[in-house]
Structures are given as structure tokens and as C-alpha cells.
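Just below is one structure, and these are the notes that go with it.
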Amino acid sequence: NISTLRGDINYTKYKTGFHVGGFVEIKVSDNFFLQPEILYSKQGTKSEQKISNYGQGLKINYTQDLSYLNIPVMAKIHITESFYIEAGPQISFLLDAEQKGEATGIFYGEAINETETINNKNNLSSTDFAANLGIGFNFSEKIGASLRYSAGISDIDKESRTSEIYNGNFGLSILYSL
């Protein structure tokens, strides 16, 4: 996974994670399949800010780690026998959320080296809805790969009524079919 948070949030950068899970491919016609999945997914964002004060500086690193149980249902259309496009909705359930802040440097003449980690699951929505779009390629009958973008369409920030924050995630999958 390469994920970030978008919306009313500043200084975000992409964060790497992973996903693992299973799927079932249901043939509807020769070229059309439905694929329900269940995935454990590590997502989130990172940011970095630098604050300068008369030649002195403070660097603040922030990481938001999110763990989700994602349940997408993908519609797959095979363009060729090996190549396909896919799209579909996804519901996600927040399993865990951890926010970590690190401040280092010199600020107003004092050396700073602080780290704080908090569980902020209660500040975020327990469910998230997303729209997925992707492509895939089957190298053989059993092995394939897919690249998918998942755009969150529901605001996950339940603390603020004035800001909106959404998930965004690129997922690269290596697929093995039994």
C-alpha cells in the first residue's frame, strides 16, 4: 500500500503499508466476473514540518497509522484472457488508529527531543466507504498482479464539523488462485 489522507489536512506525504487477504472470483459471463474480497490493510499518512526561529529550528514528524478490515466487491471485465480492468465499492471497518508525533531540534534556545504516541481510534469514524478502480494481469492460471486505487468517499474525521478527511490508497497485489 501507498496511502495518504486528503481533504482538510496539511503537509501530508504518502506512507507505505501492506494488505493481505482473500478473494473469490465468480464468473458471470465469459469476460465478466464479480470478485468479493476481505483484506487486512495498513494505511495512513506521514507529514513533516520545520519551524525556524532566528537560525534555530524545530522539526516535527507526524505519522497516522490506520488498520482496516476492507471488504471490496469488484466487477472485473477481461479485455484479453490475461488483462482485466476492475471497479467496485468498498466498505472498511477501522480496527486500530495510532498517531505518533516526534519533535527534535532547538526551539527558543532549548534542545527538544520529544515523542508522543496516542491511540486516536475514537476520533475517527469506525466505517469508511470507498470507490475502487484498478487493472490486473494474470501471468498464469494461478498467479497474477493488480494495481488499484481506492478513493475514500466518506469523511473519517468525526471530531470536527468544519473539516473533512478522506482515505486515499494505492494497492499493489500479488495474487495466487487455488
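Scheme for the C-alpha cells: letters A, B, ... for chains in order shown; per-chain residue numbers from 1; ligand numbers from 1 in order shown.
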Taking a cut-off of 12 Å and counting only C-alpha atoms, can you build a table that, for each residue of range 95-158 of chain A near range 42-45 of chain A, reports the nearest atom pair and how far apart they are in Å (one decimal), sorted by chain then residue number, as a Markdown table?
| residue | atom | partner | partner_atom | distance |
| --- | --- | --- | --- | --- |
| A:Leu95 | CA | A:Lys42 | CA | 9.9 |
| A:Asp96 | CA | A:Lys42 | CA | 9.5 |
| A:Ala97 | CA | A:Gly44 | CA | 8.8 |
| A:Glu98 | CA | A:Gly44 | CA | 9.3 |
| A:Gln99 | CA | A:Gly44 | CA | 9.5 |
| A:Lys100 | CA | A:Thr45 | CA | 10.8 |
| A:Ser150 | CA | A:Gln43 | CA | 11.2 |
| A:Gly152 | CA | A:Gln43 | CA | 11.9 |
| A:Ile156 | CA | A:Gly44 | CA | 11.7 |
**Request:** Excluding Tyr11 in chain A and residues on its chain fewer than 5 positions from it, collect all residues at most 10 Å away from it, counting only C-alpha atoms, and give them as a VMD selection string.
**Result:** chain A and resid 6 45 to 49 62
Atoms to include: all heavy atoms. Write the selected residues as an mmCIF file, in the first residue's frame.
data_model
loop_
_atom_site.group_PDB
_atom_site.id
_atom_site.type_symbol
_atom_site.label_atom_id
_atom_site.label_comp_id
_atom_site.auth_asym_id
_atom_site.auth_seq_id
_atom_site.Cartn_x
_atom_site.Cartn_y
_atom_site.Cartn_z
ATOM 1 N N ARG A 6 -6.417 12.800 2.592
ATOM 2 C CA ARG A 6 -6.605 14.003 1.786
ATOM 3 C C ARG A 6 -7.808 14.765 2.326
ATOM 4 O O ARG A 6 -8.586 14.238 3.096
ATOM 5 C CB ARG A 6 -6.769 13.645 0.316
ATOM 6 C CG ARG A 6 -7.854 12.653 0.039
ATOM 7 C CD ARG A 6 -7.876 12.152 -1.404
ATOM 8 N NE ARG A 6 -8.859 11.117 -1.571
ATOM 9 C CZ ARG A 6 -10.167 11.296 -1.606
ATOM 10 N NH1 ARG A 6 -10.668 12.503 -1.493
ATOM 11 N NH2 ARG A 6 -10.997 10.287 -1.737
ATOM 12 N N THR A 45 -0.915 8.115 6.898
ATOM 13 C CA THR A 45 -0.197 9.217 6.263
ATOM 14 C C THR A 45 0.992 9.610 7.128
ATOM 15 O O THR A 45 1.094 9.206 8.293
ATOM 16 C CB THR A 45 -1.126 10.433 6.035
ATOM 17 O OG1 THR A 45 -0.493 11.343 5.135
ATOM 18 C CG2 THR A 45 -1.478 11.141 7.321
ATOM 19 N N LYS A 46 1.878 10.399 6.544
ATOM 20 C CA LYS A 46 3.012 10.991 7.257
ATOM 21 C C LYS A 46 3.043 12.478 6.928
ATOM 22 O O LYS A 46 2.511 12.901 5.911
ATOM 23 C CB LYS A 46 4.345 10.379 6.811
ATOM 24 C CG LYS A 46 4.495 8.921 7.084
ATOM 25 C CD LYS A 46 5.898 8.412 6.806
ATOM 26 C CE LYS A 46 6.414 8.725 5.426
ATOM 27 N NZ LYS A 46 7.717 8.122 5.135
ATOM 28 N N SER A 47 3.697 13.240 7.774
ATOM 29 C CA SER A 47 3.944 14.637 7.457
ATOM 30 C C SER A 47 5.206 15.103 8.173
ATOM 31 O O SER A 47 5.656 14.472 9.134
ATOM 32 C CB SER A 47 2.752 15.517 7.841
ATOM 33 O OG SER A 47 2.667 15.642 9.234
ATOM 34 N N GLU A 48 5.753 16.183 7.668
ATOM 35 C CA GLU A 48 6.944 16.774 8.271
ATOM 36 C C GLU A 48 6.822 18.287 8.181
ATOM 37 O O GLU A 48 6.490 18.825 7.130
ATOM 38 C CB GLU A 48 8.192 16.308 7.528
ATOM 39 C CG GLU A 48 9.472 16.874 8.075
ATOM 40 C CD GLU A 48 10.686 16.411 7.296
ATOM 41 O OE1 GLU A 48 10.945 15.190 7.287
ATOM 42 O OE2 GLU A 48 11.344 17.261 6.690
ATOM 43 N N GLN A 49 7.078 18.959 9.294
ATOM 44 C CA GLN A 49 7.064 20.410 9.332
ATOM 45 C C GLN A 49 8.362 20.888 9.944
ATOM 46 O O GLN A 49 8.891 20.263 10.868
ATOM 47 C CB GLN A 49 5.906 20.930 10.178
ATOM 48 C CG GLN A 49 4.555 20.748 9.571
ATOM 49 C CD GLN A 49 3.489 21.286 10.500
ATOM 50 O OE1 GLN A 49 3.129 20.629 11.456
ATOM 51 N NE2 GLN A 49 2.993 22.482 10.205
ATOM 52 N N TYR A 62 5.122 13.599 11.942
ATOM 53 C CA TYR A 62 3.828 13.088 12.381
ATOM 54 C C TYR A 62 3.494 11.871 11.534
ATOM 55 O O TYR A 62 3.685 11.876 10.318
ATOM 56 C CB TYR A 62 2.807 14.211 12.188
ATOM 57 C CG TYR A 62 1.365 13.793 12.121
ATOM 58 C CD1 TYR A 62 0.625 13.591 13.273
ATOM 59 C CD2 TYR A 62 0.737 13.633 10.900
ATOM 60 C CE1 TYR A 62 -0.706 13.227 13.205
ATOM 61 C CE2 TYR A 62 -0.591 13.266 10.824
ATOM 62 C CZ TYR A 62 -1.302 13.069 11.980
ATOM 63 O OH TYR A 62 -2.610 12.707 11.903
#
**Asked** From the set A:Ile38, A:Ala130, A:Ile77, A:Val20, which residue has the shortest atom-to-atom contact distance to Ala151 in chain A, counting only C-alpha atoms?
**Response**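 Of A:Ile38, A:Ala130, A:Ile77, A:Val20, the one nearest Ala151 in chain A is A:Ala130, counting only C-alpha atoms.
With only C-alpha atoms as the atoms that count, the minimum distance from Lys27 in chain A to the choices A:Ala75, A:Ala145, A:Leu175, A:Ile91 is reached by A:Ala75.
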**Fill in**
Min atom-atom distance to Leu147 in chain A from the set A:Gly109, A:Gly171, A:Pro36, A:Gly88, counting only C-alpha atoms, belongs to A:Gly171
**Item:** For Gly7 in chain A, the nearest of the candidates A:Leu178, A:Ile153, A:Leu172, A:Ser126, counting only C-alpha atoms
**Value:**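 Of A:Leu178, A:Ile153, A:Leu172, A:Ser126, the one nearest Gly7 in chain A, counting only C-alpha atoms, is A:Ile153.
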**Prompt:** Taking into account only C-alpha atoms, which residue in the set A:Tyr14, A:Tyr68, A:Phe139, A:Tyr108 is nearest to Gly168 in chain A?
**Reply:** A:Tyr14
**Prompt:** Which is closer to Gly136 in chain A than all the others in A:Lys50, A:Lys76, A:Lys13, A:Lys121, using only C-alpha atoms?
**Reply:**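 Of A:Lys50, A:Lys76, A:Lys13, A:Lys121, the one nearest Gly136 in chain A is A:Lys76, counting only C-alpha atoms.
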**Item:** Residue set, range 44-149 of chain A restricted to strand (DSSP E), as a ChimeraX atom specification
**Value:** /A:44-53,56-78,83-107,110-119,127-138,143-149
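The space separating CA of Ala87 in chain A from CA of Gly134 in chain A comes to 6.3 Å.
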Which residues, written as a CSV table (one decimal) with N, CA, C and O atoms, in the first residue's frame, have at least one atom at most 9 Å from Ser92 in chain A, with only C-alpha atoms counted and residues fewer than 4 positions away on the same chain left out?
chain,number,residue,atom,x,y,z
A,68,TYR,N,-7.3,-1.3,8.9
A,68,TYR,CA,-8.7,-1.5,8.4
A,68,TYR,C,-8.9,-3.0,8.0
A,68,TYR,O,-8.0,-3.7,7.6
A,69,LEU,N,-10.2,-3.4,8.2
A,69,LEU,CA,-10.7,-4.6,7.5
A,69,LEU,C,-11.5,-4.1,6.3
A,69,LEU,O,-12.6,-3.5,6.5
A,70,ASN,N,-11.0,-4.3,5.1
A,70,ASN,CA,-11.6,-3.8,3.9
A,70,ASN,C,-12.4,-4.9,3.2
A,70,ASN,O,-11.9,-6.0,3.1
A,71,ILE,N,-13.6,-4.6,2.8
A,71,ILE,CA,-14.4,-5.6,2.1
A,71,ILE,C,-14.9,-4.9,0.8
A,71,ILE,O,-15.9,-4.3,0.7
A,72,PRO,N,-14.0,-5.1,-0.3
A,72,PRO,CA,-14.4,-4.6,-1.6
A,72,PRO,C,-15.2,-5.7,-2.4
A,72,PRO,O,-15.0,-6.9,-2.1
A,126,SER,N,-15.7,4.8,12.5
A,126,SER,CA,-15.4,3.3,12.6
A,126,SER,C,-15.7,2.7,11.2
A,126,SER,O,-15.2,1.5,11.0
A,127,THR,N,-16.4,3.3,10.3
A,127,THR,CA,-16.6,2.7,9.0
A,127,THR,C,-16.2,3.8,7.9
A,127,THR,O,-16.2,5.0,8.1
A,128,ASP,N,-15.7,3.3,6.8
A,128,ASP,CA,-15.3,4.1,5.7
A,128,ASP,C,-15.8,3.5,4.4
A,128,ASP,O,-15.8,2.2,4.3
A,129,PHE,N,-16.3,4.3,3.5
A,129,PHE,CA,-16.7,3.8,2.2
A,129,PHE,C,-15.8,4.3,1.1
A,129,PHE,O,-15.4,5.5,1.2
A,130,ALA,N,-15.5,3.5,0.1
A,130,ALA,CA,-14.6,3.9,-0.9
A,130,ALA,C,-15.1,3.4,-2.3
A,130,ALA,O,-15.8,2.5,-2.4
